[in-house]
$ cat model_5.csv   # CSV, C-alpha atoms
chain,number,residue,atom,x,y,z
A,1,MET,CA,134.0,113.1,128.5
A,2,ILE,CA,131.9,113.3,131.6
A,3,VAL,CA,128.2,112.7,131.2
A,4,PRO,CA,125.5,113.1,134.0
A,5,GLN,CA,124.6,109.7,135.3
A,6,THR,CA,120.9,110.5,136.2
A,7,SER,CA,118.4,110.6,133.4
A,8,PRO,CA,115.9,113.4,133.1
A,9,LEU,CA,112.4,112.8,134.3
A,10,SER,CA,110.4,110.2,132.4
A,11,PRO,CA,107.2,111.3,130.8
A,12,SER,CA,105.2,109.5,133.4
A,13,SER,CA,106.8,111.6,136.2
A,14,VAL,CA,105.7,114.9,134.7
A,15,ASP,CA,102.3,116.4,135.6
A,16,PRO,CA,100.1,115.6,132.6
A,17,ALA,CA,98.6,119.1,133.0
A,18,GLU,CA,102.0,120.7,132.2
A,19,PRO,CA,102.9,121.8,128.7
A,20,ALA,CA,105.4,119.6,126.9
A,21,ASN,CA,108.3,122.0,127.6
A,22,ALA,CA,109.1,124.1,130.7
A,23,ILE,CA,110.5,126.8,128.5
A,24,VAL,CA,109.6,127.8,125.0
A,25,LEU,CA,111.2,130.5,122.9
A,26,ASP,CA,109.3,130.7,119.6
A,27,ALA,CA,110.9,132.6,116.7
A,28,VAL,CA,112.0,135.3,119.2
A,29,SER,CA,113.6,138.4,117.6
A,30,LYS,CA,114.9,141.6,119.4
A,31,ARG,CA,116.0,144.5,117.3
A,32,TYR,CA,117.5,147.8,118.2
A,33,GLY,CA,117.2,149.8,115.1
A,34,THR,CA,118.9,147.9,112.4
A,35,PHE,CA,120.8,145.7,114.9
A,36,ALA,CA,119.3,142.3,115.6
A,37,ALA,CA,120.3,141.1,119.1
A,38,LEU,CA,118.1,138.0,118.5
A,39,ASP,CA,117.0,136.8,115.1
A,40,GLY,CA,114.2,134.2,115.1
A,41,LEU,CA,115.5,132.2,118.1
A,42,THR,CA,113.5,129.0,118.7
A,43,LEU,CA,114.2,126.7,121.6
A,44,GLY,CA,112.3,124.3,123.8
A,45,VAL,CA,113.6,123.1,127.2
A,46,PRO,CA,112.0,119.9,128.5
A,47,HIS,CA,111.0,119.4,132.2
A,48,GLY,CA,113.5,118.0,134.7
A,49,ILE,CA,116.8,118.6,132.9
A,50,ILE,CA,119.7,121.0,133.2
A,51,GLN,CA,119.9,122.9,129.9
A,52,GLY,CA,123.1,124.7,129.0
A,53,PHE,CA,122.8,127.9,127.0
A,54,LEU,CA,126.1,128.9,125.3
A,55,GLY,CA,127.5,131.4,122.9
A,56,PRO,CA,130.3,134.0,122.6
A,57,ASN,CA,130.0,137.4,124.1
A,58,GLY,CA,127.4,139.4,122.2
A,59,ALA,CA,125.6,136.3,120.9
A,60,GLY,CA,122.3,137.2,122.6
A,61,LYS,CA,122.3,135.0,125.6
A,62,THR,CA,121.5,137.6,128.2
A,63,THR,CA,118.9,139.3,125.9
A,64,ALA,CA,117.1,135.9,125.5
A,65,ILE,CA,117.1,135.4,129.3
A,66,ARG,CA,115.8,138.9,129.9
A,67,ILE,CA,113.0,138.3,127.4
A,68,LEU,CA,112.3,135.0,129.0
A,69,MET,CA,112.0,136.7,132.4
A,70,GLY,CA,109.7,139.4,131.0
A,71,PHE,CA,112.2,142.2,131.6
A,72,LEU,CA,112.4,142.9,127.9
A,73,ARG,CA,109.7,142.7,125.2
A,74,ALA,CA,110.5,140.8,122.1
A,75,SER,CA,110.3,142.7,118.8
A,76,SER,CA,108.6,139.6,117.4
A,77,GLY,CA,107.9,136.0,118.4
A,78,SER,CA,106.9,134.8,121.9
A,79,SER,CA,108.3,133.1,125.0
A,80,SER,CA,106.6,131.1,127.7
A,81,ILE,CA,107.4,129.4,131.0
A,82,PHE,CA,105.2,126.5,131.9
A,83,GLY,CA,102.7,127.6,129.2
A,84,LEU,CA,102.4,131.2,130.4
A,85,ASP,CA,103.4,134.0,128.1
A,86,THR,CA,106.4,135.8,129.8
A,87,TRP,CA,105.3,139.2,128.7
A,88,SER,CA,101.5,139.3,129.0
A,89,ALA,CA,101.4,137.0,132.0
A,90,GLY,CA,104.9,137.7,133.3
A,91,VAL,CA,104.1,138.0,137.0
A,92,GLN,CA,102.3,134.7,137.1
A,93,ALA,CA,105.0,133.0,135.0
A,94,ARG,CA,107.7,134.2,137.4
A,95,GLU,CA,106.0,132.8,140.5
A,96,ARG,CA,107.6,129.4,139.8
A,97,VAL,CA,111.0,130.7,138.8
A,98,GLY,CA,114.2,131.3,140.7
A,99,TYR,CA,116.3,133.9,138.9
A,100,LEU,CA,119.9,134.6,139.6
A,101,VAL,CA,120.3,138.4,139.7
A,102,THR,CA,123.7,140.0,139.1
A,103,ALA,CA,125.7,140.3,142.2
A,104,ASP,CA,125.8,144.1,141.8
A,105,ALA,CA,122.0,144.2,141.9
A,106,LEU,CA,122.0,143.3,145.6
A,107,TYR,CA,121.4,146.0,148.2
A,108,PRO,CA,124.8,147.0,149.7
A,109,ASP,CA,123.3,148.6,152.8
A,110,MET,CA,121.4,145.4,153.7
A,111,ASP,CA,123.0,142.5,155.6
A,112,GLY,CA,123.0,139.1,154.1
A,113,ILE,CA,120.0,137.6,156.1
A,114,ASP,CA,117.9,140.7,155.4
A,115,GLN,CA,118.6,140.3,151.7
A,116,LEU,CA,117.6,136.6,151.8
A,117,ASP,CA,114.4,137.4,153.7
A,118,PHE,CA,113.5,140.2,151.2
A,119,ALA,CA,114.1,137.8,148.3
A,120,ALA,CA,111.9,135.1,150.0
A,121,LYS,CA,109.1,137.7,150.5
A,122,ILE,CA,109.2,138.7,146.9
A,123,SER,CA,109.0,135.0,145.8
A,124,GLY,CA,105.9,134.4,148.0
A,125,ARG,CA,107.3,131.0,149.0
A,126,ASN,CA,109.0,129.7,152.1
A,127,PRO,CA,112.8,129.4,151.9
A,128,VAL,CA,112.7,125.7,152.5
A,129,LEU,CA,116.2,125.1,150.9
A,130,ARG,CA,118.0,128.1,152.6
A,131,THR,CA,119.9,126.0,155.1
A,132,ARG,CA,120.9,123.4,152.6
A,133,VAL,CA,122.2,126.0,150.1
A,134,LEU,CA,124.0,128.1,152.7
A,135,ASP,CA,125.8,125.0,154.0
A,136,ALA,CA,126.8,123.9,150.5
A,137,LEU,CA,128.1,127.4,149.6
A,138,GLU,CA,129.8,127.8,153.0
A,139,LEU,CA,128.0,131.0,154.0
A,140,SER,CA,128.1,131.3,157.8
A,141,SER,CA,125.8,133.1,160.2
A,142,ALA,CA,128.7,135.6,160.9
A,143,THR,CA,128.9,136.4,157.1
A,144,LEU,CA,125.2,136.8,156.8
A,145,ALA,CA,125.2,139.4,159.6
A,146,GLN,CA,127.6,141.6,157.7
A,147,ARG,CA,126.5,144.4,155.3
A,148,LEU,CA,126.7,143.4,151.6
A,149,GLY,CA,128.9,146.4,150.9
A,150,SER,CA,131.7,144.5,152.7
A,151,TYR,CA,131.3,141.3,150.7
A,152,SER,CA,133.8,140.2,148.1
A,153,LYS,CA,132.6,139.4,144.6
A,154,GLY,CA,132.5,135.7,145.4
A,155,MET,CA,130.5,136.2,148.6
A,156,ARG,CA,127.9,138.3,146.7
A,157,GLN,CA,127.6,135.7,144.1
A,158,LYS,CA,127.0,133.0,146.7
A,159,LEU,CA,124.3,135.1,148.3
A,160,ALA,CA,122.6,135.7,145.0
A,161,ILE,CA,122.6,131.9,144.3
A,162,VAL,CA,121.0,131.3,147.7
A,163,ALA,CA,118.3,134.0,147.0
A,164,ALA,CA,117.5,132.3,143.7
A,165,MET,CA,117.4,128.7,145.1
A,166,GLN,CA,116.1,129.0,148.6
A,167,HIS,CA,112.4,128.7,147.8
A,168,ASP,CA,112.9,125.6,145.7
A,169,PRO,CA,111.5,127.0,142.5
A,170,ASP,CA,110.3,124.7,139.7
A,171,LEU,CA,112.6,126.5,137.2
A,172,LEU,CA,116.0,128.0,137.9
A,173,VAL,CA,117.2,130.6,135.4
A,174,LEU,CA,120.9,131.2,135.9
A,175,ASP,CA,123.1,133.6,133.9
A,176,GLU,CA,126.8,132.8,134.5
A,177,PRO,CA,126.1,131.3,138.0
A,178,SER,CA,129.7,130.2,138.8
A,179,ASP,CA,131.3,133.6,138.1
A,180,GLY,CA,133.5,134.4,141.1
A,181,LEU,CA,133.2,131.0,142.8
A,182,ASP,CA,136.3,129.1,143.8
A,183,PRO,CA,136.7,125.6,142.5
A,184,LEU,CA,135.5,123.8,145.6
A,185,ILE,CA,132.4,125.9,146.0
A,186,GLN,CA,131.7,125.4,142.3
A,187,GLN,CA,131.7,121.7,142.9
A,188,HIS,CA,129.2,122.1,145.7
A,189,PHE,CA,127.1,124.3,143.5
A,190,GLU,CA,127.0,121.7,140.8
A,191,THR,CA,125.9,119.1,143.3
A,192,LEU,CA,123.0,121.4,144.3
A,193,LEU,CA,122.0,121.7,140.6
A,194,ARG,CA,122.0,117.9,140.2
A,195,GLU,CA,119.9,117.5,143.4
A,196,ARG,CA,117.3,119.9,142.1
A,197,ARG,CA,117.2,118.1,138.7
A,198,ASP,CA,116.8,114.8,140.5
A,199,ALA,CA,113.9,116.3,142.4
A,200,GLY,CA,112.1,117.2,139.1
A,201,ARG,CA,113.1,120.8,138.8
A,202,THR,CA,114.4,122.4,135.5
A,203,VAL,CA,117.6,124.4,135.2
A,204,PHE,CA,118.4,126.8,132.4
A,205,MET,CA,121.9,128.2,132.7
A,206,SER,CA,124.3,130.2,130.5
A,207,SER,CA,128.0,129.8,131.2
A,208,HIS,CA,131.4,130.4,129.7
A,209,ASP,CA,132.8,127.5,131.7
A,210,LEU,CA,132.7,124.6,129.2
A,211,ALA,CA,133.9,122.1,131.7
A,212,GLU,CA,131.1,123.0,134.0
A,213,VAL,CA,128.6,122.6,131.2
A,214,GLU,CA,130.0,119.2,130.3
A,215,ARG,CA,129.8,118.0,133.9
A,216,THR,CA,126.2,119.2,134.6
A,217,CYS,CA,124.1,119.6,131.5
A,218,GLU,CA,122.0,117.0,129.7
A,219,ARG,CA,121.4,119.2,126.8
A,220,ILE,CA,123.2,122.2,125.4
A,221,ALA,CA,122.0,125.0,123.1
A,222,VAL,CA,124.5,127.1,121.2
A,223,ILE,CA,123.6,130.5,119.8
A,224,ARG,CA,125.6,132.8,117.5
A,225,ARG,CA,124.6,136.3,116.3
A,226,GLY,CA,121.2,135.8,117.8
A,227,GLN,CA,120.4,132.6,116.1
A,228,LEU,CA,120.4,129.0,117.3
A,229,VAL,CA,123.1,127.0,115.6
A,230,ALA,CA,123.0,123.8,117.7
A,231,ASN,CA,120.9,122.0,120.3
A,232,GLY,CA,121.5,118.5,121.6
A,233,THR,CA,123.4,116.4,124.1
A,234,VAL,CA,127.2,116.7,124.4
A,235,GLN,CA,127.5,113.4,122.6
A,236,GLU,CA,125.2,114.5,119.8
A,237,LEU,CA,127.2,117.7,119.3
A,238,SER,CA,130.5,116.0,119.4
A,239,ARG,CA,129.6,113.5,116.7
A,240,HIS,CA,129.6,116.4,114.2
A,241,TYR,CA,133.2,117.2,115.1
A,242,ARG,CA,136.2,115.2,113.8
A,243,ARG,CA,138.1,112.9,116.1
A,244,THR,CA,141.9,112.6,116.1
A,245,ALA,CA,143.5,109.3,115.4
A,246,VAL,CA,147.2,108.9,116.4
A,247,ILE,CA,148.8,105.9,114.6
A,248,ARG,CA,152.3,104.6,114.8
A,249,PHE,CA,153.4,102.1,112.1
A,250,ARG,CA,156.2,99.5,112.5
A,251,SER,CA,157.2,100.0,108.9
A,252,ALA,CA,156.6,102.7,106.3
A,253,ILE,CA,153.5,104.8,106.5
A,254,PRO,CA,151.1,103.3,104.0
A,255,ASP,CA,149.5,105.3,101.1
A,256,GLY,CA,145.8,106.1,101.0
A,257,LEU,CA,145.4,107.6,104.5
A,258,ALA,CA,144.4,110.9,103.0
A,259,GLN,CA,141.3,109.2,101.6
A,260,ILE,CA,140.1,108.4,105.1
A,261,GLY,CA,140.8,111.7,106.8
A,262,GLU,CA,142.9,114.8,106.9
A,263,ILE,CA,146.5,114.2,107.7
A,264,GLU,CA,147.4,116.7,110.4
A,265,TYR,CA,150.9,115.5,111.0
A,266,ALA,CA,153.2,112.8,109.6
A,267,ASP,CA,156.7,111.7,110.6
A,268,ALA,CA,158.2,109.1,108.3
A,269,ARG,CA,161.2,108.7,110.6
A,270,THR,CA,159.0,107.4,113.5
A,271,GLY,CA,156.1,106.1,111.4
A,272,THR,CA,153.7,108.4,113.3
A,273,VAL,CA,150.6,110.0,111.8
A,274,ARG,CA,147.9,112.2,113.3
A,275,LEU,CA,144.7,111.9,111.3
A,276,LEU,CA,141.5,113.9,111.6
A,277,ILE,CA,138.6,111.5,111.0
A,278,ALA,CA,134.8,111.5,111.1
A,279,ASP,CA,132.8,110.0,114.0
A,280,ASP,CA,132.6,106.6,112.2
A,281,ILE,CA,135.9,104.9,112.8
A,282,ASN,CA,135.2,101.8,110.7
A,283,PRO,CA,136.8,103.0,107.5
A,284,LEU,CA,140.0,103.7,109.4
A,285,ILE,CA,139.9,100.2,111.1
A,286,GLN,CA,139.3,98.5,107.8
A,287,ALA,CA,142.2,100.4,106.2
A,288,LEU,CA,144.6,99.6,109.1
A,289,SER,CA,143.8,95.9,109.0
A,290,TYR,CA,146.3,95.6,106.1
A,291,ALA,CA,149.0,97.6,107.8
A,292,ASP,CA,151.6,96.7,110.5
A,293,VAL,CA,150.4,98.9,113.3
A,294,ALA,CA,152.4,99.4,116.5
A,295,HIS,CA,150.0,101.8,118.2
A,296,LEU,CA,146.5,103.3,117.6
A,297,GLY,CA,144.9,105.9,119.8
A,298,ILE,CA,141.7,107.7,119.0
A,299,GLU,CA,141.1,111.0,120.9
A,300,GLU,CA,137.6,112.2,121.6
A,301,PRO,CA,136.7,115.7,120.5
A,302,GLN,CA,137.6,118.4,123.0
A,303,LEU,CA,134.4,120.1,124.1
A,304,GLN,CA,136.0,123.6,123.7
A,305,ASN,CA,136.9,122.7,120.1
A,306,VAL,CA,133.4,121.5,119.4
A,307,PHE,CA,131.9,124.8,120.6
A,308,PHE,CA,134.5,127.0,119.0
A,309,GLY,CA,133.6,125.3,115.8
A,310,PHE,CA,130.0,126.5,116.3
A,311,TYR,CA,131.1,130.0,117.4
A,312,ASP,CA,133.3,130.6,114.3
A,313,GLY,CA,130.8,129.2,111.9
A,314,THR,CA,132.7,126.2,110.8
A,315,GLN,CA,130.3,123.7,112.2
A,316,VAL,CA,127.2,122.1,110.8
A,317,GLU,CA,123.8,123.7,111.2
A,318,THR,CA,121.1,122.9,113.8
A,319,SER,CA,119.1,120.8,111.4
A,320,ASP,CA,121.9,118.4,111.2
A,321,ILE,CA,122.0,117.9,114.9
A,322,GLY,CA,118.4,117.7,116.1
A,323,SER,CA,115.2,119.6,116.5
A,324,ALA,CA,115.7,123.1,117.8
A,325,ALA,CA,112.4,122.9,119.6
A,326,ARG,CA,113.2,119.8,121.6
$ encode --input "model_5.csv" --output "structure tokens"
Amino acid sequence: MIVPQTSPLSPSSVDPAEPANAIVLDAVSKRYGTFAALDGLTLGVPHGIIQGFLGPNGAGKTTAIRILMGFLRASSGSSSIFGLDTWSAGVQARERVGYLVTADALYPDMDGIDQLDFAAKISGRNPVLRTRVLDALELSSATLAQRLGSYSKGMRQKLAIVAAMQHDPDLLVLDEPSDGLDPLIQQHFETLLRERRDAGRTVFMSSHDLAEVERTCERIAVIRRGQLVANGTVQELSRHYRRTAVIRFRSAIPDGLAQIGEIEYADARTGTVRLLIADDINPLIQALSYADVAHLGIEEPQLQNVFFGFYDGTQVETSDIGSAAR
């Protein structure tokens, strides 16, 4: 399991005038008639981290982001960016935000450089990172001179990322940012995100790419049916999912293993057992101290299995993992 090496900002490196969290969603609900797209969603995102925001299709991720950006009004509850209400003070709140628009929202009759200049003008800030991001995403001057109508999906996605990042915003809000990027460009993009985090910026990103989330995010929030079901680090979330122990005995498989975990597979001929166990491995170690063990391997939880557990409702609730408002 890959964990980011750089810690988020220490409290002393955050402006004391800033609120405790860069983003706050406080009991946000959004209803369309009897259908609840969001149902009391509460989440706080600290400064200077990359926060993942995950959930299956229809979970409410895009609705939450649109409310956060002030594009939708919540039916109840509130949301804020750097302490500013995103509906009543939305324009002011968005001044410090870089938002990744969908690639099909770009103007097809503009060329690439005109699109970037237009985005910079809207942001009201100089595009100080434009060259760095263009180089990382391998967008050349020749490409920027072309009309966007001639761009491939991946090229449009790259340009949308540059438009969101070029003015070095304090907060990046990214909905499926790596969609359409090839693996090498995706690696470069992840490097850009880590650079912005290390510079004290905050990143809030939704993604279906669990490997990307594991590589880049310090914290991960998972929503299902419009509600927060988990929020914590990858390690914290994984602790609530069973590990797999693979044991091979030199002699007969001993009795009593079912009291330690769930036997997934057992082969008396080879003396091999696959056992699903809790995070604490000490009961297994103690039980095996009396057995003739030829091999013991303990597999860490697969990230996709951890999240699928939350998606299908078989996992523990948020209160068991940590504060939803952290």
$ residues_around --input "model_5.csv" --residues "region 287-302 of chain A" --least-positions-apart "3" --cutoff "6 Å" --atoms "all atoms listed in the file" --output "count of residues only"
10
$ closest_residue --input "model_5.csv" --among "A:Leu275, A:Ala37, A:Asp114, A:Gly52" --to "Asn231 (chain A)" --atoms "only C-alpha atoms"
A:Gly52
$ residues_around --input "model_5.csv" --residues "Val97 (chain A)" --least-positions-apart "3" --cutoff "9 Å" --atoms "all atoms listed in the file" --output "PyMOL selection string"
chain A and resi 69+81+93-94+123+164+168-173
$ atom_distance --input "model_5.csv" --atom1 "CA of Ile223 (chain A)" --atom2 "CA of Gly60 (chain A)"
7.4 Å
$ residues_around --input "model_5.csv" --residues "region 102-107 of chain A" --least-positions-apart "6" --cutoff "7 Å" --atoms "only C-alpha atoms" --output "PDB file with C-alpha atoms, in the coordinates of the input"
ATOM      1  CA  LEU A 148     126.700 143.400 151.600  1.00  0.00           C
ATOM      2  CA  ARG A 156     127.900 138.300 146.700  1.00  0.00           C
ATOM      3  CA  GLN A 157     127.600 135.700 144.100  1.00  0.00           C
ATOM      4  CA  ALA A 160     122.600 135.700 145.000  1.00  0.00           C
TER       5      ALA A 160
END
$ closest_residue --input "model_5.csv" --among "A:Arg196, A:Phe82, A:Gly149, A:Ser76" --to "Arg132 (chain A)" --atoms "all atoms listed in the file"
A:Arg196
$ residues_around --input "model_5.csv" --residues "Gly83 (chain A)" --least-positions-apart "4" --cutoff "8 Å" --atoms "only C-alpha atoms" --output "list in words"
Glu18, Pro19, Ala22 and Ile23 of chain A
$ atom_distance --input "model_5.csv" --atom1 "CA of Ile285 (chain A)" --atom2 "CA of Ile260 (chain A)"
10.2 Å
$ closest_residue --input "model_5.csv" --among "A:Leu237, A:Ile113, A:Leu174, A:Ala64" --to "Asp279 (chain A)" --atoms "all atoms listed in the file"
A:Leu237
$ atom_distance --input "model_5.csv" --atom1 "CA of Gly98 (chain A)" --atom2 "CA of Ala120 (chain A)"
10.3 Å
$ residues_around --input "model_5.csv" --residues "region 263-268 of chain A" --least-positions-apart "5" --cutoff "9 Å" --atoms "only C-alpha atoms" --output "JSON list (two decimals) with C-alpha atoms, in the frame of the given file"
[["chain", "number", "residue", "atom", "x", "y", "z"],
["A", 244, "THR", "CA", 141.90, 112.60, 116.10],
["A", 252, "ALA", "CA", 156.60, 102.70, 106.30],
["A", 253, "ILE", "CA", 153.50, 104.80, 106.50],
["A", 257, "LEU", "CA", 145.40, 107.60, 104.50],
["A", 258, "ALA", "CA", 144.40, 110.90, 103.00],
["A", 273, "VAL", "CA", 150.60, 110.00, 111.80],
["A", 274, "ARG", "CA", 147.90, 112.20, 113.30],
["A", 275, "LEU", "CA", 144.70, 111.90, 111.30],
["A", 276, "LEU", "CA", 141.50, 113.90, 111.60],
["A", 277, "ILE", "CA", 138.60, 111.50, 111.00]]
$ residues_near_point --input "model_5.csv" --point "(125.6, 138.7, 155.9)" --cutoff "10 Å" --atoms "only C-alpha atoms" --output "ChimeraX atom specification"
/A:110-116,139-151,155-156,159
